[in-house]
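Undergrad: Got a file for you: input_4.txt, compact mmCIF, C-alpha atoms.
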# COMPACT_ATOMS: atom_id res chain seq x y z
CA MET U 1 -5.03 -18.10 20.93
CA THR U 2 -6.21 -16.87 24.32
CA ASP U 3 -5.57 -13.41 25.80
CA SER U 4 -2.95 -14.89 28.14
CA GLN U 5 -1.01 -16.25 25.14
CA GLN U 6 -1.37 -13.15 22.98
CA HIS U 7 1.08 -10.31 23.57
CA ASN U 8 0.45 -7.21 21.46
CA LEU U 9 3.08 -4.63 20.57
CA LEU U 10 1.48 -1.33 19.56
CA ILE U 11 3.77 0.77 17.37
CA ILE U 12 2.38 4.28 17.32
CA ASN U 13 3.37 7.11 15.02
CA GLY U 14 4.86 9.65 17.45
CA LYS U 15 2.57 12.36 16.08
CA SER U 16 -0.42 10.32 17.24
CA ALA U 17 0.92 9.27 20.64
CA ALA U 18 -1.26 11.79 22.46
CA ASN U 19 -4.43 10.84 20.55
CA PRO U 20 -7.12 10.80 23.29
CA ALA U 21 -9.25 8.16 21.58
CA LEU U 22 -6.28 5.85 21.18
CA ARG U 23 -5.17 6.30 24.79
CA GLU U 24 -8.69 5.54 25.97
CA ALA U 25 -8.82 2.46 23.73
CA VAL U 26 -5.53 1.12 25.11
CA ASN U 27 -6.68 1.59 28.71
CA GLU U 28 -10.03 -0.02 28.00
CA GLN U 29 -8.52 -3.09 26.32
CA ARG U 30 -5.91 -3.52 29.05
CA GLN U 31 -8.70 -3.54 31.62
CA ALA U 32 -10.46 -6.17 29.50
CA GLY U 33 -7.40 -8.41 29.72
CA MET U 34 -5.52 -7.56 26.52
CA LEU U 35 -1.74 -7.67 27.07
CA ILE U 36 -0.36 -4.53 25.40
CA THR U 37 3.10 -3.01 25.17
CA VAL U 38 3.32 0.43 23.55
CA ARG U 39 6.22 1.95 21.63
CA ALA U 40 6.07 5.35 19.92
CA THR U 41 8.28 6.47 17.02
CA TRP U 42 10.51 9.51 17.12
CA GLU U 43 11.93 9.68 13.59
CA GLY U 44 11.82 7.92 10.25
CA GLY U 45 12.83 4.27 10.40
CA ASP U 46 11.84 3.80 14.05
CA ALA U 47 8.67 1.83 13.26
CA ALA U 48 10.58 -0.70 11.15
CA ASP U 49 13.32 -1.06 13.76
CA ILE U 50 10.83 -1.61 16.58
CA ALA U 51 8.87 -4.15 14.50
CA GLU U 52 12.07 -6.04 13.75
CA GLN U 53 12.68 -6.37 17.50
CA SER U 54 9.18 -7.70 18.18
CA TYR U 55 10.02 -11.42 18.04
CA ALA U 56 12.92 -11.00 20.46
CA MET U 57 10.54 -9.13 22.77
CA GLY U 58 8.22 -12.15 22.83
CA MET U 59 5.40 -10.51 20.86
CA THR U 60 2.79 -12.56 19.02
CA HIS U 61 1.09 -9.57 17.38
CA VAL U 62 2.37 -6.20 16.16
CA ILE U 63 -0.29 -3.54 15.73
CA ALA U 64 0.55 -0.53 13.58
CA CYS U 65 -1.21 2.60 14.83
CA GLY U 66 -1.08 5.28 12.15
CA GLY U 67 -1.67 5.89 8.46
CA ASP U 68 -0.71 3.83 5.44
CA GLY U 69 2.91 4.97 5.76
CA THR U 70 3.17 3.70 9.33
CA VAL U 71 1.57 0.39 8.37
CA SER U 72 4.05 0.04 5.51
CA GLU U 73 7.06 0.81 7.70
CA VAL U 74 5.96 -1.66 10.38
CA MET U 75 5.39 -4.32 7.73
CA ASN U 76 8.88 -3.71 6.29
CA GLY U 77 10.33 -4.25 9.76
CA LEU U 78 8.48 -7.56 10.10
CA MET U 79 9.79 -8.65 6.70
CA ARG U 80 13.34 -8.43 8.06
CA LEU U 81 12.51 -11.40 10.29
CA PRO U 82 12.55 -15.04 9.13
CA HIS U 83 9.14 -16.18 7.92
CA ASP U 84 8.45 -18.38 10.96
CA ARG U 85 9.33 -15.58 13.39
CA ARG U 86 7.08 -12.87 12.03
CA PRO U 87 4.30 -11.86 14.45
CA ALA U 88 0.87 -11.24 12.99
CA LEU U 89 0.22 -7.67 11.82
CA GLY U 90 -2.78 -5.71 13.10
CA ILE U 91 -3.86 -2.18 12.18
CA VAL U 92 -5.43 0.72 14.06
CA PRO U 93 -5.97 3.36 11.34
CA LEU U 94 -5.02 6.92 12.30
CA GLY U 95 -4.07 8.44 8.93
CA SER U 96 -5.79 10.71 6.44
CA ALA U 97 -6.40 8.10 3.74
CA ASN U 98 -6.19 4.65 5.42
CA ASP U 99 -6.55 2.97 2.04
CA PHE U 100 -5.53 -0.53 3.10
CA ALA U 101 -7.67 -0.59 6.24
CA THR U 102 -10.68 0.75 4.36
CA SER U 103 -10.39 -1.70 1.47
CA VAL U 104 -10.16 -4.79 3.72
CA GLY U 105 -13.06 -3.69 5.90
CA LEU U 106 -11.27 -2.87 9.16
CA PRO U 107 -12.88 -0.45 11.63
CA LEU U 108 -11.62 3.12 11.27
CA GLU U 109 -12.29 4.30 14.84
CA PRO U 110 -9.39 3.62 17.27
CA GLY U 111 -11.44 1.98 20.03
CA THR U 112 -13.31 -0.32 17.67
CA ALA U 113 -10.17 -1.12 15.69
CA LEU U 114 -8.14 -2.09 18.76
CA ALA U 115 -11.00 -4.18 20.13
CA ALA U 116 -11.23 -5.92 16.75
CA ALA U 117 -7.50 -6.70 16.82
CA ARG U 118 -8.18 -8.77 19.92
CA GLU U 119 -10.77 -10.91 18.15
CA LEU U 120 -9.79 -11.08 14.47
CA SER U 121 -8.03 -14.08 12.96
CA ALA U 122 -4.70 -13.77 11.16
CA TYR U 123 -4.78 -14.63 7.44
CA PRO U 124 -1.65 -15.20 5.33
CA ILE U 125 -1.36 -12.65 2.53
CA ASP U 126 1.10 -11.82 -0.22
CA VAL U 127 3.48 -8.90 -0.01
CA VAL U 128 5.29 -7.29 -2.94
CA ARG U 129 9.06 -6.88 -3.02
CA VAL U 130 10.30 -3.80 -4.88
CA THR U 131 13.91 -3.55 -5.97
CA ALA U 132 14.43 -0.03 -7.24
CA GLY U 133 16.97 2.70 -7.64
CA SER U 134 18.30 5.72 -9.43
CA GLY U 135 21.78 6.26 -10.79
CA GLY U 136 22.69 2.60 -10.47
CA GLU U 137 22.14 2.24 -6.72
CA LEU U 138 19.42 -0.28 -5.83
CA ALA U 139 17.45 -0.78 -2.63
CA THR U 140 14.80 -3.32 -1.63
CA SER U 141 11.56 -2.63 0.21
CA TYR U 142 8.10 -4.19 0.48
CA TYR U 143 4.47 -3.13 0.28
CA ILE U 144 1.14 -4.80 0.96
CA ASN U 145 -1.34 -2.49 -0.74
CA MET U 146 -0.46 -0.49 -3.84
CA THR U 147 2.38 1.12 -5.74
CA THR U 148 1.57 3.86 -8.21
CA GLY U 149 3.93 5.40 -10.73
CA GLY U 150 3.63 8.50 -12.86
CA PHE U 151 0.77 10.94 -12.44
CA GLY U 152 -0.83 9.17 -9.49
CA ALA U 153 2.45 9.15 -7.59
CA GLU U 154 3.05 12.78 -8.48
CA VAL U 155 -0.29 13.73 -6.96
CA THR U 156 0.43 11.76 -3.80
CA SER U 157 3.90 13.24 -3.35
CA SER U 158 2.77 16.84 -3.97
CA THR U 159 -0.33 16.86 -1.76
CA PRO U 160 0.55 18.89 1.36
CA LYS U 161 0.14 16.97 4.62
CA THR U 162 -1.94 19.81 6.06
CA LEU U 163 -4.35 19.50 3.14
CA LYS U 164 -4.50 15.72 3.63
CA ARG U 165 -5.49 16.20 7.27
CA MET U 166 -8.12 18.83 6.39
CA LEU U 167 -9.76 17.04 3.47
CA GLY U 168 -8.83 13.39 4.01
CA GLY U 169 -8.94 11.41 0.76
CA GLY U 170 -10.53 14.38 -0.99
CA ALA U 171 -7.17 16.15 -0.90
CA TYR U 172 -5.81 13.72 -3.50
CA SER U 173 -8.74 14.33 -5.84
CA LEU U 174 -8.28 18.09 -5.49
CA MET U 175 -4.57 17.93 -6.27
CA GLY U 176 -5.31 15.64 -9.19
CA ALA U 177 -7.75 18.15 -10.66
CA LEU U 178 -5.26 20.97 -10.24
CA LYS U 179 -2.55 19.00 -12.03
CA ALA U 180 -4.68 17.45 -14.77
CA TRP U 181 -3.68 19.95 -17.43
CA ARG U 182 -0.02 20.24 -16.39
CA HIS U 183 0.86 16.56 -16.44
CA ARG U 184 3.83 15.00 -18.20
CA SER U 185 4.24 11.68 -19.98
CA TYR U 186 6.16 8.92 -18.26
CA ARG U 187 8.11 6.93 -20.82
CA GLY U 188 9.72 3.59 -20.19
CA THR U 189 10.10 -0.07 -21.10
CA LEU U 190 8.03 -2.67 -19.27
CA HIS U 191 8.96 -6.36 -18.92
CA TRP U 192 6.62 -9.10 -17.66
CA ASP U 193 5.93 -12.76 -18.46
CA GLU U 194 8.54 -12.80 -21.26
CA LYS U 195 6.88 -9.74 -22.80
CA GLU U 196 8.48 -6.37 -23.47
CA GLU U 197 6.66 -3.14 -24.27
CA SER U 198 7.72 0.50 -24.59
CA SER U 199 5.01 2.85 -23.38
CA SER U 200 4.20 6.49 -22.73
CA LEU U 201 2.02 6.40 -19.64
CA LEU U 202 -0.03 8.75 -17.54
CA LEU U 203 -0.34 6.25 -14.69
CA LEU U 204 0.97 2.86 -13.64
CA ALA U 205 -0.60 1.03 -10.69
CA LEU U 206 0.68 -2.24 -9.22
CA GLY U 207 -1.96 -3.57 -6.89
CA ASN U 208 -1.71 -6.20 -4.22
CA GLY U 209 -4.69 -4.42 -2.64
CA SER U 210 -7.37 -2.54 -4.52
CA GLN U 211 -7.22 1.20 -3.80
CA SER U 212 -4.84 4.11 -3.31
CA GLY U 213 -4.77 7.90 -3.07
CA GLY U 214 -7.57 8.27 -0.55
CA GLY U 215 -10.13 5.86 -1.99
CA GLN U 216 -9.27 5.66 -5.71
CA VAL U 217 -9.96 2.06 -6.79
CA LEU U 218 -7.22 1.13 -9.25
CA ALA U 219 -7.25 -2.68 -9.00
CA PRO U 220 -10.90 -3.73 -8.55
CA ARG U 221 -10.21 -7.45 -8.99
CA ALA U 222 -7.15 -7.64 -6.73
CA LYS U 223 -6.85 -10.32 -4.05
CA LEU U 224 -4.30 -10.30 -1.26
CA ASP U 225 -3.60 -14.03 -1.36
CA ASP U 226 -3.69 -15.03 -5.04
CA GLY U 227 0.04 -14.77 -5.76
CA ARG U 228 -0.64 -12.20 -8.49
CA LEU U 229 0.08 -8.53 -9.03
CA ASP U 230 -2.82 -6.59 -10.60
CA VAL U 231 -1.35 -4.14 -13.13
CA LEU U 232 -3.13 -1.04 -14.42
CA LEU U 233 -1.63 0.87 -17.34
CA VAL U 234 -3.17 4.22 -18.30
CA LYS U 235 -1.85 5.67 -21.54
CA ASP U 236 -1.33 9.40 -21.98
CA PHE U 237 -4.02 11.59 -23.57
CA ARG U 238 -3.72 14.58 -25.92
CA SER U 239 -7.14 16.22 -26.02
CA VAL U 240 -10.32 16.76 -24.03
CA THR U 241 -12.03 14.11 -26.17
CA GLU U 242 -9.35 11.56 -25.36
CA LEU U 243 -9.48 12.49 -21.67
CA THR U 244 -13.24 11.85 -21.68
CA LYS U 245 -12.66 8.40 -23.18
CA LEU U 246 -9.89 7.71 -20.67
CA ILE U 247 -12.14 8.60 -17.73
CA SER U 248 -14.89 6.36 -19.14
CA GLU U 249 -12.50 3.42 -19.38
CA LEU U 250 -11.28 4.01 -15.82
CA GLN U 251 -14.86 3.43 -14.71
CA SER U 252 -15.13 0.08 -16.50
CA PHE U 253 -11.50 -1.16 -16.32
CA PRO U 254 -11.31 -2.99 -19.67
CA ASP U 255 -8.62 -5.64 -20.13
CA ASP U 256 -7.35 -3.89 -23.24
CA GLY U 257 -9.00 -0.53 -23.88
CA LEU U 258 -7.82 2.39 -25.97
CA PHE U 259 -6.27 4.09 -22.93
CA VAL U 260 -6.71 1.65 -20.04
CA ARG U 261 -5.26 -1.83 -19.81
CA ASN U 262 -5.42 -4.43 -17.03
CA PHE U 263 -3.52 -7.68 -16.56
CA THR U 264 -1.99 -9.81 -13.79
CA THR U 265 1.53 -11.09 -13.39
CA THR U 266 3.92 -12.24 -10.69
CA GLN U 267 6.65 -9.75 -11.59
CA LEU U 268 6.96 -6.48 -13.51
CA THR U 269 10.12 -4.54 -14.33
CA VAL U 270 10.21 -0.94 -15.54
CA THR U 271 13.16 0.98 -16.94
CA THR U 272 12.58 4.65 -17.68
CA GLN U 273 13.62 6.11 -20.99
CA ALA U 274 17.23 7.28 -21.15
CA ASN U 275 17.71 10.97 -20.31
CA ASP U 276 14.19 11.26 -18.86
CA SER U 277 13.75 12.30 -15.24
CA PRO U 278 13.21 9.46 -12.73
CA TRP U 279 9.60 8.44 -12.29
CA PRO U 280 7.75 9.39 -9.11
CA LEU U 281 6.74 6.13 -7.44
CA THR U 282 4.76 5.59 -4.26
CA LEU U 283 4.86 2.44 -2.14
CA ASP U 284 1.78 2.36 0.09
CA GLY U 285 1.56 6.16 -0.14
CA GLU U 286 5.24 6.96 0.48
CA ALA U 287 6.74 8.87 -2.48
CA ARG U 288 10.16 8.17 -3.99
CA TYR U 289 11.87 8.71 -7.38
CA TYR U 290 13.39 5.90 -9.45
CA ASP U 291 14.66 5.32 -12.98
CA GLN U 292 14.33 1.53 -12.69
CA PHE U 293 12.27 -0.76 -10.51
CA CYS U 294 11.07 -4.33 -10.29
CA ALA U 295 7.96 -5.44 -8.37
CA GLU U 296 7.71 -9.14 -7.49
CA VAL U 297 5.07 -11.00 -5.46
CA VAL U 298 6.25 -12.84 -2.35
CA PRO U 299 3.38 -15.31 -1.79
CA LEU U 300 1.74 -15.59 1.62
CA ALA U 301 4.65 -13.88 3.36
CA LEU U 302 2.81 -12.23 6.24
CA ARG U 303 -0.15 -12.96 8.52
CA VAL U 304 -2.51 -10.01 8.90
CA LEU U 305 -5.53 -9.57 11.19
CA LEU U 306 -8.50 -9.29 8.82
CA PRO U 307 -12.29 -9.62 8.98
CA GLU U 308 -13.58 -13.09 8.20
CA LYS U 309 -15.48 -11.76 5.17
CA CYS U 310 -12.70 -9.50 3.91
CA PRO U 311 -13.49 -8.83 0.22
CA LEU U 312 -9.81 -9.03 -0.75
CA LEU U 313 -9.36 -12.67 0.31
CA SER U 314 -9.71 -15.30 -2.42
CA SER U 315 -11.94 -17.43 -0.20
CA ASN U 316 -14.50 -14.62 -0.27
CA ASN U 317 -14.80 -14.25 -4.04
CA ARG U 318 -17.74 -12.11 -4.96
CA PRO U 319 -20.39 -13.66 -7.19
Take the structure in this file and express it as structure tokens.
TA:
Amino acid sequence: MTDSQQHNLLIINGKSAANPALREAVNEQRQAGMLITVRATWEGGDAADIAEQSYAMGMTHVIACGGDGTVSEVMNGLMRLPHDRRPALGIVPLGSANDFATSVGLPLEPGTALAAARELSAYPIDVVRVTAGSGGELATSYYINMTTGGFGAEVTSSTPKTLKRMLGGGAYSLMGALKAWRHRSYRGTLHWDEKEESSSLLLLALGNGSQSGGGQVLAPRAKLDDGRLDVLLVKDFRSVTELTKLISELQSFPDDGLFVRNFTTTQLTVTTQANDSPWPLTLDGEARYYDQFCAEVVPLALRVLLPEKCPLLSSNNRP
């Protein structure tokens, strides 16, 4: 597709609209012939609404300018459109963690990232549909990177935004260390592939992508286009000795360890134990609380601008 055929809609988190580097990048690419329309958000939900309007606006590409939350909201807006009307999704990372952009190998500097969006090819990738709720009311949303439940989600939801900006991904590690000895067990029943299992977990991760929480790799074998959900279960620990073993297994990711377990599936359903508090759950870094949820892969639902040698594409399997 040539520049004259490509029309890019930049959806910018309103808090980043005055970013000097981004403004300079937009001006530079416009002068180079890139057709760009810019829309900034004002409040929650704006990014999804603007993305949903992109096809009617004649856009071929929608570029999310912000952190993982902005990318997720833009993607959810695109998923409201019929499959054949969804513009390709590009990303200019402006957040504190930028887990998805980092894991797929996108540039992290605004000027380089926007220039790359002009040249990169769009690859079809899976998204994950989550149907979840609390108190009997269910809602549906989507994510492209990672959902974490339990301790990992608790850390994400409790890390102050100011601390995230100051320390970047290190903020999550700091909050995790502070909470390590005040954690709670997350009890529930898991269903997948005609299996059922009751568990007491420290952490649940459902990976379409590979990392979350500012660089924590939780699904090292995940691929974005394999039609599978990479599931990580981390059982609760009761002593320093068990914690040491747990940490060791998190470094090797065994398929069926004493505390760490990995498997793939196309769908996973979780129901929390009766009378327990709802689980904290994050979808691409955005925290929510649910007592039941189902994650299901929607194969090749969205085209995303990615590097040719992106490590999370099946065609680029590592040796």
Undergrad: Enclose range 11-19 of chain U, meaning all of its atoms listed in the file, in a box aligned along x, y and z, pad it by 6 Å on each side, and list the centre and edge lengths in Å to one decimal, as lines of an AutoDock Vina configuration file.
TA:
center_x = 0.2
center_y = 6.6
center_z = 18.7
size_x = 21.3
size_y = 23.6
size_z = 19.4
Undergrad: Would you work out the distance separating CA of Trp279 in chain U from CA of Glu296 in chain U, expressed in Å to one decimal?
TA: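 Computing the Euclidean distance for CA of Trp279 in chain U and CA of Glu296 in chain U yields 18.3 Å.
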Undergrad: Which protein, DNA or RNA residues are at most 12 Å from (0.7, 1.1, 17.3) in the file's coordinates when you count all atoms listed in the file, listed as a ChimeraX atom specification?
TA: /U:8-17,19,22-23,25-26,36-41,46-48,50-51,61-67,70-71,73-75,89-94,110,113-114,117
Undergrad: Mind giving me the straight-line distance from CA of Lys309 in chain U to CA of Ala219 in chain U in Å, one decimal?
TA: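 Distance reported for this atom pair: 18.7 Å.
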Undergrad: Please provide as a PyMOL selection string all residues within 8 Å of Ser212 in chain U, with the sequence filter that same-chain residues fewer than 4 positions apart are discarded (counting all atoms listed in the file).
TA: chain U and resi 99-100+145-146+216-218+284-285
Undergrad: Mind writing the picked residues with C-alpha atoms as a CSV table (one decimal), keeping the file's coordinate frame?
TA:
chain,number,residue,atom,x,y,z
U,99,ASP,CA,-6.6,3.0,2.0
U,100,PHE,CA,-5.5,-0.5,3.1
U,145,ASN,CA,-1.3,-2.5,-0.7
U,146,MET,CA,-0.5,-0.5,-3.8
U,216,GLN,CA,-9.3,5.7,-5.7
U,217,VAL,CA,-10.0,2.1,-6.8
U,218,LEU,CA,-7.2,1.1,-9.2
U,284,ASP,CA,1.8,2.4,0.1
U,285,GLY,CA,1.6,6.2,-0.1
Undergrad: Any idea what's packed within 9 Å of Asp225 in chain U, counting all atoms listed in the file, ignoring anything in its chain fewer than 6 positions away? Could you give it as a ChimeraX atom specification?
TA: /U:123-127,208,299-300,312-314
Undergrad: Which value, in Å to one decimal, gives the distance between CA of Asn275 in chain U and CA of Ala205 in chain U?
TA: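 We find that CA of Asn275 in chain U and CA of Ala205 in chain U lie 22.9 Å from each other.
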Undergrad: Have a look at U:Thr264, U:Gly150, U:Gly227, U:Leu233 and name the one nearest to Asp193 in chain U; count all atoms listed in the file.
TA: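 Comparing U:Thr264, U:Gly150, U:Gly227, U:Leu233 against Asp193 in chain U, the winner is U:Thr264.
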Undergrad: Taking all atoms listed in the file into account, which of U:Leu229, U:Leu81, U:Met59, U:Ala115 comes nearest Met34 in chain U?
TA: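 Of the candidates, the smallest distance to Met34 in chain U is held by U:Ala115.
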Undergrad: Between U:Thr271, U:Thr148, U:Gln251, U:Ser198, which residue has the minimum interatomic distance to Gly213 in chain U, considering all atoms listed in the file?
TA: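 Between U:Thr271, U:Thr148, U:Gln251, U:Ser198, the residue approaching Gly213 in chain U most closely is U:Thr148.
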Undergrad: Pick out the closest residue to Gly136 in chain U from this set: U:Phe263, U:Tyr290, U:Leu203, U:Ser54. Count only C-alpha atoms.
TA: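 Counting only C-alpha atoms, the residue closest to Gly136 in chain U is U:Tyr290.
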Undergrad: When you look at Val270 in chain U with a cut-off of 7 Å (counting all atoms listed in the file), what residues show up, excluding the ones that are within fewer than 3 positions of it in the same chain? I need them as a PyMOL selection string.
TA: chain U and resi 188-191+292-294
Undergrad: Please provide as a list of chain:residue names all residues within 8 Å of Tyr143 in chain U, with the sequence filter that same-chain residues fewer than 4 positions apart are discarded (counting only C-alpha atoms).
TA: U:Ser72, U:Met75, U:Asn76, U:Val127, U:Val128, U:Arg129, U:Val130, U:Thr147, U:Leu283, U:Asp284
Undergrad: Export C-alpha atoms of the chosen residues as a PDB file, keeping the file's coordinate frame?
TA:
ATOM      1  CA  SER U  72       4.050   0.040   5.510  1.00  0.00           C
ATOM      2  CA  MET U  75       5.390  -4.320   7.730  1.00  0.00           C
ATOM      3  CA  ASN U  76       8.880  -3.710   6.290  1.00  0.00           C
ATOM      4  CA  VAL U 127       3.480  -8.900  -0.010  1.00  0.00           C
ATOM      5  CA  VAL U 128       5.290  -7.290  -2.940  1.00  0.00           C
ATOM      6  CA  ARG U 129       9.060  -6.880  -3.020  1.00  0.00           C
ATOM      7  CA  VAL U 130      10.300  -3.800  -4.880  1.00  0.00           C
ATOM      8  CA  THR U 147       2.380   1.120  -5.740  1.00  0.00           C
ATOM      9  CA  LEU U 283       4.860   2.440  -2.140  1.00  0.00           C
ATOM     10  CA  ASP U 284       1.780   2.360   0.090  1.00  0.00           C
TER      11      ASP U 284
END
Undergrad: From the set U:Pro311, U:Tyr55, U:Gly215, U:Arg80, which residue has the shortest atom-to-atom contact distance to Leu106 in chain U, counting all atoms listed in the file?
TA: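 Between U:Pro311, U:Tyr55, U:Gly215, U:Arg80, the residue approaching Leu106 in chain U most closely is U:Pro311.
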Undergrad: With all atoms listed in the file as the basis for distance, which of U:Ser134, U:Glu197, U:Gln29, U:Gly69 is at the shortest distance from Ala101 in chain U?
TA: U:Gly69
